[in-house]
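K.L.:
File name work-v8.txt; file contents compact mmCIF, C-alpha atoms; full text below.
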# COMPACT_ATOMS: atom_id res chain seq x y z
CA MET A 1 1.09 15.25 -20.09
CA ALA A 2 2.83 13.44 -17.23
CA GLU A 3 5.97 14.96 -15.80
CA THR A 4 9.27 13.16 -15.37
CA VAL A 5 9.44 10.27 -12.91
CA HIS A 6 11.60 11.05 -9.88
CA PRO A 7 15.16 9.70 -10.27
CA PHE A 8 14.72 7.42 -7.24
CA TYR A 9 11.72 5.67 -8.79
CA GLU A 10 13.00 5.52 -12.37
CA PRO A 11 15.29 2.48 -11.83
CA HIS A 12 12.32 0.66 -10.28
CA ARG A 13 9.96 1.47 -13.15
CA GLY A 14 10.42 -1.86 -14.93
CA ALA A 15 9.63 -3.91 -11.84
CA MET A 16 6.63 -1.76 -10.96
CA GLU A 17 5.24 -2.02 -14.49
CA ALA A 18 5.73 -5.80 -14.46
CA ALA A 19 3.84 -5.98 -11.15
CA MET A 20 1.01 -3.98 -12.69
CA ARG A 21 0.78 -6.27 -15.70
CA HIS A 22 0.72 -9.27 -13.36
CA ARG A 23 -2.12 -7.72 -11.37
CA LEU A 24 -4.11 -7.15 -14.51
CA ASP A 25 -3.62 -10.79 -15.50
CA LEU A 26 -4.87 -11.90 -12.10
CA ALA A 27 -7.82 -9.50 -12.23
CA GLU A 28 -8.99 -10.36 -15.74
CA ALA A 29 -11.78 -12.77 -14.78
CA MET A 30 -13.05 -10.42 -12.07
CA LEU A 31 -13.01 -7.48 -14.47
CA ARG A 32 -15.24 -9.46 -16.83
CA GLU A 33 -17.59 -11.00 -14.27
CA ARG A 34 -17.84 -8.42 -11.49
CA ALA A 35 -17.05 -5.16 -13.24
CA GLN A 36 -18.95 -6.22 -16.37
CA LEU A 37 -16.15 -5.04 -18.64
CA SER A 38 -15.68 -6.81 -21.95
CA ASP A 39 -12.83 -5.00 -23.72
CA ILE A 40 -10.10 -6.12 -21.34
CA ASP A 41 -7.28 -5.22 -23.71
CA ARG A 42 -8.51 -1.63 -23.72
CA ILE A 43 -8.75 -1.60 -19.93
CA ARG A 44 -5.21 -2.96 -19.65
CA GLN A 45 -3.87 -0.19 -21.87
CA GLU A 46 -5.82 2.50 -20.03
CA VAL A 47 -4.51 1.27 -16.67
CA MET A 48 -0.91 1.16 -17.87
CA ASP A 49 -1.25 4.65 -19.38
CA GLU A 50 -2.71 5.90 -16.10
CA PHE A 51 0.09 4.21 -14.19
CA GLU A 52 2.61 6.29 -16.15
CA ILE A 53 0.81 9.37 -14.84
CA VAL A 54 0.80 8.01 -11.29
CA LEU A 55 4.52 7.24 -11.51
CA ALA A 56 5.26 10.87 -12.32
CA GLN A 57 3.00 12.00 -9.48
CA MET A 58 4.59 9.79 -6.82
CA PRO A 59 6.17 11.95 -4.11
CA TYR A 60 9.77 11.50 -3.04
CA VAL A 61 9.95 10.86 0.71
CA GLY A 62 13.61 10.01 1.18
CA GLY A 63 14.25 7.08 -1.14
CA ALA A 64 15.95 4.01 0.30
CA ALA A 65 16.44 5.77 3.65
CA SER A 66 12.67 5.83 4.21
CA ARG A 67 10.63 2.67 4.76
CA MET A 68 7.61 4.44 3.29
CA SER A 69 9.15 4.62 -0.19
CA ASP A 70 8.47 0.89 -0.54
CA PHE A 71 4.81 1.41 0.40
CA PHE A 72 4.41 3.93 -2.41
CA MET A 73 6.10 1.67 -4.94
CA ARG A 74 4.05 -1.41 -3.98
CA LEU A 75 0.63 0.18 -3.62
CA MET A 76 0.38 3.34 -5.70
CA GLY A 77 -0.43 1.33 -8.82
CA PHE A 78 -3.83 0.57 -7.33
CA MET A 79 -4.60 4.27 -7.67
CA ALA A 80 -4.26 3.84 -11.42
CA ILE A 81 -6.54 0.80 -11.43
CA SER A 82 -9.13 2.59 -9.31
CA ARG A 83 -9.08 5.70 -11.48
CA VAL A 84 -9.67 3.76 -14.68
CA LEU A 85 -12.38 1.50 -13.27
CA ARG A 86 -14.15 4.47 -11.72
CA ARG A 87 -14.17 6.24 -15.08
CA HIS A 88 -15.85 3.16 -16.50
CA GLY A 89 -18.58 3.41 -13.89
CA VAL A 90 -17.54 0.47 -11.73
CA PRO A 91 -18.93 0.90 -8.17
CA LEU A 92 -16.37 1.73 -5.50
CA ALA A 93 -17.20 -1.39 -3.47
CA VAL A 94 -16.64 -3.61 -6.50
CA ILE A 95 -13.33 -1.89 -7.24
CA GLY A 96 -12.25 -2.48 -3.65
CA ASP A 97 -13.15 -6.17 -3.77
CA ILE A 98 -11.34 -6.69 -7.07
CA GLU A 99 -8.21 -4.93 -5.85
CA ARG A 100 -8.08 -6.78 -2.53
CA GLU A 101 -8.53 -10.18 -4.12
CA THR A 102 -6.03 -9.36 -6.86
CA TYR A 103 -3.43 -8.17 -4.38
CA LYS A 104 -3.91 -11.23 -2.17
CA ALA A 105 -3.50 -13.52 -5.19
CA GLN A 106 -0.35 -11.67 -6.19
CA LEU A 107 1.10 -11.86 -2.68
CA LEU A 108 0.43 -15.59 -2.56
CA THR A 109 2.57 -16.18 -5.64
CA VAL A 110 5.55 -15.61 -3.34
CA PRO A 111 6.64 -18.90 -1.70
CA GLU A 112 5.21 -19.33 1.78
CA ALA A 113 8.62 -19.72 3.42
CA GLU A 114 9.75 -16.42 1.93
CA ARG A 115 6.58 -14.64 3.02
CA LEU A 116 6.80 -15.93 6.58
CA ALA A 117 10.48 -15.02 6.79
CA SER A 118 9.56 -11.48 5.74
CA GLY A 119 6.91 -11.43 8.47
CA ARG A 120 9.37 -12.57 11.12
CA GLN A 121 11.78 -9.87 10.03
CA PHE A 122 9.03 -7.23 10.30
CA MET A 123 8.16 -8.37 13.83
CA SER A 124 11.79 -8.68 14.93
CA SER A 125 13.33 -6.56 17.66
CA GLU A 126 15.78 -5.18 15.10
CA ASN A 127 12.97 -3.92 12.89
CA GLN A 128 11.10 -2.51 15.86
CA THR A 129 14.21 -0.51 16.70
CA LEU A 130 14.26 0.84 13.14
CA LEU A 131 10.57 1.68 13.34
CA ARG A 132 11.11 3.61 16.55
CA GLU A 133 13.93 5.57 14.95
CA GLN A 134 12.02 6.38 11.78
CA ALA A 135 8.88 7.26 13.73
CA ALA A 136 10.82 9.69 15.88
CA LYS A 137 12.36 11.22 12.76
CA SER A 138 9.03 11.50 10.94
CA VAL A 139 7.56 13.91 13.49
CA THR A 140 10.48 16.37 13.47
CA GLY A 141 10.03 19.75 11.91
CA ASN A 142 13.08 19.34 9.67
CA HIS A 143 11.82 16.07 8.20
CA ARG A 144 8.30 17.34 7.66
CA GLU A 145 9.67 20.44 5.94
CA GLU A 146 12.02 18.44 3.69
CA PHE A 147 9.45 15.72 2.89
CA PRO A 148 6.00 17.29 3.24
CA ASP A 149 4.32 14.37 1.45
CA ASP A 150 5.70 11.71 3.81
CA PHE A 151 3.88 9.80 6.54
CA VAL A 152 4.05 11.05 10.13
CA TYR A 153 3.71 8.42 12.83
CA ASP A 154 4.38 7.28 16.38
CA PHE A 155 5.62 3.89 17.53
CA VAL A 156 3.23 2.38 20.11
CA GLU A 157 4.40 0.11 22.91
CA PRO A 158 1.88 -2.40 24.32
CA GLY A 159 0.44 -1.70 27.74
CA PRO A 160 -0.85 -4.06 30.44
CA GLY A 161 -3.52 -6.32 29.02
CA ASP A 162 -2.75 -5.51 25.38
CA THR A 163 -2.58 -8.45 22.99
CA PHE A 164 -0.45 -6.77 20.32
CA GLU A 165 3.34 -6.78 20.20
CA PHE A 166 3.71 -3.22 18.94
CA GLY A 167 1.73 -0.64 17.07
CA ILE A 168 2.01 2.38 14.82
CA ASN A 169 -0.24 5.43 14.93
CA TYR A 170 -0.13 7.18 11.57
CA LYS A 171 -0.95 10.82 12.23
CA ALA A 172 -0.44 11.89 8.61
CA CYS A 173 -0.63 9.59 5.59
CA GLY A 174 1.22 9.93 2.34
CA PHE A 175 -1.62 8.29 0.43
CA CYS A 176 -4.14 10.72 1.96
CA LYS A 177 -1.98 13.65 0.92
CA PHE A 178 -1.61 12.20 -2.58
CA ALA A 179 -5.36 11.64 -2.87
CA ALA A 180 -6.16 15.18 -1.71
CA ARG A 181 -3.72 16.66 -4.20
CA HIS A 182 -4.85 14.63 -7.22
CA GLY A 183 -8.58 14.25 -6.67
CA ASP A 184 -8.51 10.63 -5.51
CA LYS A 185 -10.26 10.95 -2.14
CA GLU A 186 -13.21 8.86 -3.32
CA ILE A 187 -11.01 5.86 -4.11
CA LEU A 188 -8.60 6.28 -1.19
CA PRO A 189 -10.34 3.78 1.16
CA ASN A 190 -9.59 1.00 -1.34
CA ILE A 191 -5.88 1.51 -0.67
CA CYS A 192 -6.51 1.19 3.07
CA GLY A 193 -8.29 -2.10 2.47
CA LEU A 194 -5.15 -3.73 1.07
CA ASP A 195 -3.30 -3.70 4.39
CA PHE A 196 -4.91 -6.68 6.10
CA ASP A 197 -3.98 -9.31 3.49
CA ALA A 198 -0.57 -7.70 3.03
CA TYR A 199 0.25 -8.59 6.63
CA ALA A 200 -1.78 -11.81 6.95
CA THR A 201 0.06 -13.42 4.03
CA ARG A 202 3.27 -12.87 6.02
CA GLY A 203 1.90 -14.45 9.18
CA ILE A 204 1.01 -11.18 10.91
CA ARG A 205 -2.31 -10.19 12.42
CA LEU A 206 -3.18 -6.55 11.83
CA GLU A 207 -5.86 -4.96 13.95
CA ARG A 208 -7.05 -1.50 12.97
CA THR A 209 -10.28 0.16 14.01
CA GLN A 210 -9.93 3.61 12.45
CA THR A 211 -8.21 5.42 9.59
CA LEU A 212 -7.37 8.94 8.58
CA ALA A 213 -9.19 8.26 5.31
CA GLY A 214 -12.30 7.50 7.35
CA GLY A 215 -12.07 10.80 9.21
CA ALA A 216 -10.23 9.66 12.36
CA SER A 217 -7.38 11.57 13.98
CA HIS A 218 -4.96 8.75 13.16
CA CYS A 219 -4.73 5.21 11.79
CA ASN A 220 -4.22 2.77 14.68
CA PHE A 221 -2.21 -0.19 13.38
CA ARG A 222 -1.61 -2.97 15.92
CA PHE A 223 0.55 -5.98 15.06
CA ALA A 224 0.89 -9.51 16.46
CA ARG A 225 2.12 -12.84 15.14
CA LEU A 226 -0.56 -15.14 13.77
CA PRO A 227 -0.59 -18.73 15.06
CA PRO A 228 0.85 -21.05 12.37
CA ASP A 229 -2.54 -22.54 11.57
CA GLN A 230 -4.13 -19.11 11.01
CA GLY A 231 -1.76 -17.82 8.35
CA VAL A 232 -2.86 -17.26 4.76
CA SER A 233 -1.14 -19.89 2.65
CA SER A 234 -3.37 -20.38 -0.34
Show this structure as structure tokens.
P.N.:
Amino acid sequence: MAETVHPFYEPHRGAMEAAMRHRLDLAEAMLRERAQLSDIDRIRQEVMDEFEIVLAQMPYVGGAASRMSDFFMRLMGFMAISRVLRRHGVPLAVIGDIERETYKAQLLTVPEAERLASGRQFMSSENQTLLREQAAKSVTGNHREEFPDDFVYDFVEPGPGDTFEFGINYKACGFCKFAARHGDKEILPNICGLDFDAYATRGIRLERTQTLAGGASHCNFRFARLPPDQGVSS
């Protein structure tokens, strides 16, 4: 039986559950056609039941003071979807495609102006200052001891000839730690695959050539603004 949801996440439960139901609505046709599942009502219930388990498993990494708390709240639900579809024998590649397309469709329900404003805020000098501060904090012994399930990362400044505005090297990943603890390593790469559309829909180009989930020493995220005509708007 699932344990109690952490007090930080409990007030967000309603919004996270609503987001999950929305995703399942968006995924319904793909679940029928690509995953070859017919009893969609049963799948919906199984996913929502699994999400209750995931909610109780979500690690606390500092709440509102940590930018990574939002990543857990937005993306951890895909662990529940992956677990259920895998139990039904859906191939990993198909699960990944369904989740990426579902997430993109969900992101695009947000008005374009709002998405692009969020992207500008992420790329802003103010946010880069925050990222530097949180990156420096994440690698300290005190932080890693207090929040062992958190991400550990470095802020990366561009060098001569680089085409990115700034980067982040994730040296330890909260999703990787979660997957190792709960037996989700097989489905972990599907979570990594969500990142590109998450940034592109906000007018940001993400370049990444390696991941911890893929066996690399770190995930090398590099960010730049997309030209207006290259953004994802529909």
K.L.:
Mind giving me the straight-line distance from CA of Ala216 (chain A) to CA of Ala105 (chain A) in Å, one decimal?
P.N.:
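Going from CA of Ala216 (chain A) over to CA of Ala105 (chain A), I get 29.8 Å.
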K.L.:
Which one of A:Lys104, A:Pro11, A:Ala64, A:Val90 sits closest to Leu37 (chain A) if you count all atoms listed in the file?
P.N.:
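Of A:Lys104, A:Pro11, A:Ala64, A:Val90, the one nearest Leu37 (chain A), counting all atoms listed in the file, is A:Val90.
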K.L.:
Using only C-alpha atoms - which residues lie no farther than 12 Å from the point (10.8, -4.2, 12.6) in the file's frame? Write them as a VMD selection string.
P.N.:
chain A and resid 67 118 to 135 155 165 to 168 223 to 224
K.L.:
Counting only C-alpha atoms, what is within 10 Å of Asn220 (chain A), bar same-chain residues fewer than 3 positions away, as JSON, numbers by chain?
P.N.:
{"A": [153, 154, 156, 167, 168, 169, 170, 171, 206, 207, 208, 209, 210, 211, 212, 216, 217, 223]}
K.L.:
Work out how far apart CA of Arg144 (chain A) and CA of Ile204 (chain A) are and give it in Å to one decimal.
P.N.:
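Computed distance, CA of Arg144 (chain A) to CA of Ile204 (chain A), equals 29.6 Å.
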K.L.:
Between CA of Arg115 (chain A) and CA of Ala19 (chain A), what is the distance in Å, rounded to a tenth?
P.N.:
16.8 Å
K.L.:
Near region 185-200 of chain A, within 7 Å and counting only C-alpha atoms, which residues show up once chain neighbours fewer than 6 positions away are dropped, as number ranges by chain?
P.N.:
A: 82, 92, 96, 100, 104, 179, 206, 213, 231-232
K.L.:
So that each row is one residue of region 122-162 of chain A with an atom at most 12 Å from region 48-59 of chain A, can you give its shortest atom pair and the distance in Å to one decimal, using all atoms listed in the file, rows by chain and rising number, as a tab-separated table?
P.N.:
residue	atom	partner	partner_atom	distance
A:Glu146	CA	A:Pro59	CA	11.7
A:Phe147	CA	A:Pro59	CA	8.6
A:Pro148	CA	A:Pro59	CA	9.1
A:Asp149	CA	A:Pro59	CA	6.3
A:Asp150	CA	A:Pro59	CA	7.9
A:Phe151	CA	A:Pro59	CA	11.1
K.L.:
For Glu99 (chain A), which of A:Cys219, A:Ala65, A:Met79, A:Leu116 is the closest residue, counting all atoms listed in the file?
P.N.:
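The closest residue to Glu99 (chain A) is A:Met79.
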K.L.:
Could you check the closest approach to Glu112 (chain A) for each of A:His143, A:Thr201, A:Gly161, A:Phe221 and tell me which residue wins, using all atoms listed in the file?
P.N.:
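Of the candidates, the smallest distance to Glu112 (chain A) is held by A:Thr201.
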